[in-house]
Amino acid sequence: MYKIFAWFSALCFAILVALPTGAYAQATRTWVSGVGDDVNPCSRTAPCKTFAGAISKTADGGEIDVLDPGGFGTVTITKSITIDGGDNLASILASATNGINVNAGSSDTVILRNLSINGAGTTLGLNGINFLAGKRLIVENCTIENFSQNAISIAPSTSGAQTTISNSTLKASAFGIAASSANAAGAIGVLVSNTNTYQNNNGGLTATVPSGKPALGVVVDRLISGFNNTGVLASGTGATVVLGNSVVQGNSNGVFQTGGGSILSFKNNEISNNGNDGTPLTGIGLN
């Protein structure tokens with residue numbers, strides 16, 4: 001009996017000793033470098049090479065930071081995390097795939113900051129950022145371009161999901177920002193501020209609610225949408241875009257509402273020099 005107990009104790013001890021190389025090895029902050037290696041622990045002195053290599057070594061709610069310029073590869077995010085490129089040229093080249101898939105839990109927040117995401121040509125990359133699920137997606141100071149579908153695709157399944165896009169440039173894709181409630185279990189919301197979306201083949205910013213799907217609200221402040229097919233589009237009953245302090249110029253269609261969609265204006269926008277300017281439905285008073 002004593003031998004069995006001693007053997008069992010030794011086995012438990014061995015398991016505990018081994019744990020730091022698995023679940024307990026995850027760090028709150030990890031690092032990537034253009035000259036890193038994914039076999040490293042992703043520490044500052046031994047950084048990883050790719051975001052995908054670092055994410056498995058980063059704790060839920062943690063942060064991946066970039067030490068120096070480099071291409072850090074596509075990544076799928078399934079938990080709360082921040083990826084910050086800092087002041088470096090932190091790039092993702094996504095040929096024939098999505099740059100970043102966000103497929104997180106219903107209470108997770110994902111923050112993407114200071115990144116350059118390139119689809120390598122509009123016939124190659126799919127979506128720059130593909131928001132599939134999660135509580136909050138926050139995109140700050142990013143440049144996303146050259147995608148065959150969307151620079152940012154917002155179609156989360158999570159009820160009440162929120163997306164915030166600020167200080168970003170979304171260009172030379174099929175769509176700049178494409179938001180839809182097609183997969184949502186409940187109403188979702190999007191906030192766009194101080195962002196440029198231009199030279200997209202189809203829409204600069206589109207909000208779509210398919211028949212019978214939950215509402216989608218998009219609040220826009222200081223958007224420049226130009227040289228797209230359509231500057232701002234609201235399609236389907238329950239799709240509402242509120243537009244303020246924004247410039248919509250040089251598009252084939254400026255603002256366009258269809259199928260019961262609504263574009264509302266604070267009456268402080270510049271909507272002009274489009275093939276067809278369009279007219280928001282009504283103004284919004286300040287209380």
# chains A, B, ... in the order shown; residues from 1 in each chain; ligands from 1

call {"tool": "select_by_dssp", "arguments": {"residues": "stretch 17-70 of chain A", "states": "alpha helix (DSSP H)", "output": "compact mmCIF listing (two decimals) with C-alpha atoms, in the first residue's frame"}}
result
# COMPACT_ATOMS: atom_id res chain seq x y z
CA VAL A 17 6.26 20.16 -12.46
CA ALA A 18 5.26 19.72 -16.10
CA PHE A 51 1.11 36.57 -33.89
CA ALA A 52 -0.17 32.99 -34.24
CA GLY A 53 2.88 31.71 -32.39
CA ALA A 54 2.48 34.26 -29.61
CA ILE A 55 -1.25 33.98 -29.07

call {"tool": "residues_around", "arguments": {"residues": "A:Gln162", "least_positions_apart": "3", "cutoff": "8 Å", "atoms": "only C-alpha atoms", "output": "JSON, numbers by chain"}}
result
{"A": [135, 136, 137, 188, 189, 190, 191]}

call {"tool": "select_by_dssp", "arguments": {"residues": "stretch 152-255 of chain A", "states": "strand (DSSP E)", "output": "ChimeraX atom specification"}}
result
/A:152-154,162-166,169-171,175-180,188-198,203-208,216-226,230-235,239-244,247-249,253-255

call {"tool": "closest_atom_pairs", "arguments": {"of": "stretch 82-105 of chain A", "to": "stretch 34-44 of chain A", "cutoff": "12 Å", "atoms": "only C-alpha atoms", "output": "JSON lines"}}
result
{"residue": "A:Gly85", "atom": "CA", "partner": "A:Gly34", "partner_atom": "CA", "distance": 11.9}
{"residue": "A:Asn88", "atom": "CA", "partner": "A:Gly34", "partner_atom": "CA", "distance": 10.6}
{"residue": "A:Leu89", "atom": "CA", "partner": "A:Gly34", "partner_atom": "CA", "distance": 10.1}
{"residue": "A:Ala90", "atom": "CA", "partner": "A:Gly34", "partner_atom": "CA", "distance": 9.1}
{"residue": "A:Ser91", "atom": "CA", "partner": "A:Gly34", "partner_atom": "CA", "distance": 10.2}
{"residue": "A:Ile92", "atom": "CA", "partner": "A:Gly34", "partner_atom": "CA", "distance": 11.7}

call {"tool": "residues_around", "arguments": {"residues": "A:Arg29", "least_positions_apart": "5", "cutoff": "6 Å", "atoms": "only C-alpha atoms", "output": "ChimeraX atom specification"}}
result
/A:62-64

call {"tool": "closest_residue", "arguments": {"among": "A:Thr58, A:Ser153, A:Ser80, A:Asn268", "to": "A:Thr109", "atoms": "only C-alpha atoms"}}
result
A:Ser80

call {"tool": "decode", "arguments": {"residues": "stretch 196-222 of chain A", "atoms": "N, CA and C atoms", "output": "CSV table (one decimal), in the first residue's frame"}}
result
chain,number,residue,atom,x,y,z
A,196,ASN,N,-10.9,57.1,-42.5
A,196,ASN,CA,-11.1,57.3,-44.0
A,196,ASN,C,-11.3,55.9,-44.7
A,197,THR,N,-12.3,56.0,-45.6
A,197,THR,CA,-12.5,54.8,-46.4
A,197,THR,C,-12.7,55.2,-47.8
A,198,TYR,N,-11.8,54.8,-48.7
A,198,TYR,CA,-11.8,55.4,-50.0
A,198,TYR,C,-11.2,54.4,-51.1
A,199,GLN,N,-11.6,54.6,-52.3
A,199,GLN,CA,-11.1,53.8,-53.5
A,199,GLN,C,-11.5,52.4,-53.3
A,200,ASN,N,-12.7,52.1,-52.7
A,200,ASN,CA,-13.2,50.7,-52.6
A,200,ASN,C,-14.1,50.5,-53.8
A,201,ASN,N,-14.1,49.3,-54.4
A,201,ASN,CA,-14.8,49.1,-55.6
A,201,ASN,C,-16.3,49.2,-55.4
A,202,ASN,N,-16.8,48.8,-54.3
A,202,ASN,CA,-18.2,48.8,-54.0
A,202,ASN,C,-18.6,49.9,-53.0
A,203,GLY,N,-18.6,49.6,-51.7
A,203,GLY,CA,-19.0,50.6,-50.7
A,203,GLY,C,-17.9,51.0,-49.8
A,204,GLY,N,-18.0,52.3,-49.4
A,204,GLY,CA,-17.1,52.8,-48.3
A,204,GLY,C,-17.5,52.3,-47.0
A,205,LEU,N,-18.8,52.5,-46.6
A,205,LEU,CA,-19.3,52.0,-45.4
A,205,LEU,C,-20.7,51.5,-45.7
A,206,THR,N,-21.0,50.2,-45.4
A,206,THR,CA,-22.3,49.7,-45.6
A,206,THR,C,-22.9,49.0,-44.4
A,207,ALA,N,-24.2,49.2,-44.1
A,207,ALA,CA,-24.9,48.6,-43.0
A,207,ALA,C,-26.1,47.8,-43.6
A,208,THR,N,-26.1,46.5,-43.4
A,208,THR,CA,-27.1,45.7,-44.0
A,208,THR,C,-27.9,44.8,-43.0
A,209,VAL,N,-29.2,44.9,-43.0
A,209,VAL,CA,-30.0,44.0,-42.2
A,209,VAL,C,-30.9,43.1,-43.2
A,210,PRO,N,-30.6,41.8,-43.3
A,210,PRO,CA,-31.5,41.0,-44.1
A,210,PRO,C,-32.8,40.9,-43.5
A,211,SER,N,-33.8,40.5,-44.3
A,211,SER,CA,-35.2,40.4,-43.9
A,211,SER,C,-35.3,39.4,-42.6
A,212,GLY,N,-36.0,40.0,-41.6
A,212,GLY,CA,-36.2,39.2,-40.4
A,212,GLY,C,-35.1,39.1,-39.4
A,213,LYS,N,-34.0,39.8,-39.7
A,213,LYS,CA,-32.8,39.8,-38.8
A,213,LYS,C,-32.8,41.0,-37.9
A,214,PRO,N,-32.0,40.9,-36.8
A,214,PRO,CA,-32.0,41.9,-35.8
A,214,PRO,C,-31.5,43.3,-36.3
A,215,ALA,N,-31.8,44.3,-35.6
A,215,ALA,CA,-31.4,45.7,-36.0
A,215,ALA,C,-29.9,45.9,-35.9
A,216,LEU,N,-29.4,46.8,-36.7
A,216,LEU,CA,-28.0,47.2,-36.7
A,216,LEU,C,-27.9,48.7,-36.7
A,217,GLY,N,-27.3,49.3,-35.7
A,217,GLY,CA,-27.1,50.7,-35.6
A,217,GLY,C,-25.6,51.1,-35.8
A,218,VAL,N,-25.4,52.1,-36.7
A,218,VAL,CA,-24.0,52.5,-37.0
A,218,VAL,C,-24.0,54.0,-36.7
A,219,VAL,N,-23.1,54.5,-35.8
A,219,VAL,CA,-23.0,55.9,-35.5
A,219,VAL,C,-21.6,56.3,-36.1
A,220,VAL,N,-21.6,57.4,-36.9
A,220,VAL,CA,-20.4,57.8,-37.6
A,220,VAL,C,-20.1,59.2,-37.3
A,221,ASP,N,-18.8,59.5,-36.9
A,221,ASP,CA,-18.4,60.8,-36.7
A,221,ASP,C,-17.0,61.0,-37.3
A,222,ARG,N,-16.9,62.1,-38.2
A,222,ARG,CA,-15.6,62.4,-38.8
A,222,ARG,C,-15.1,61.2,-39.7
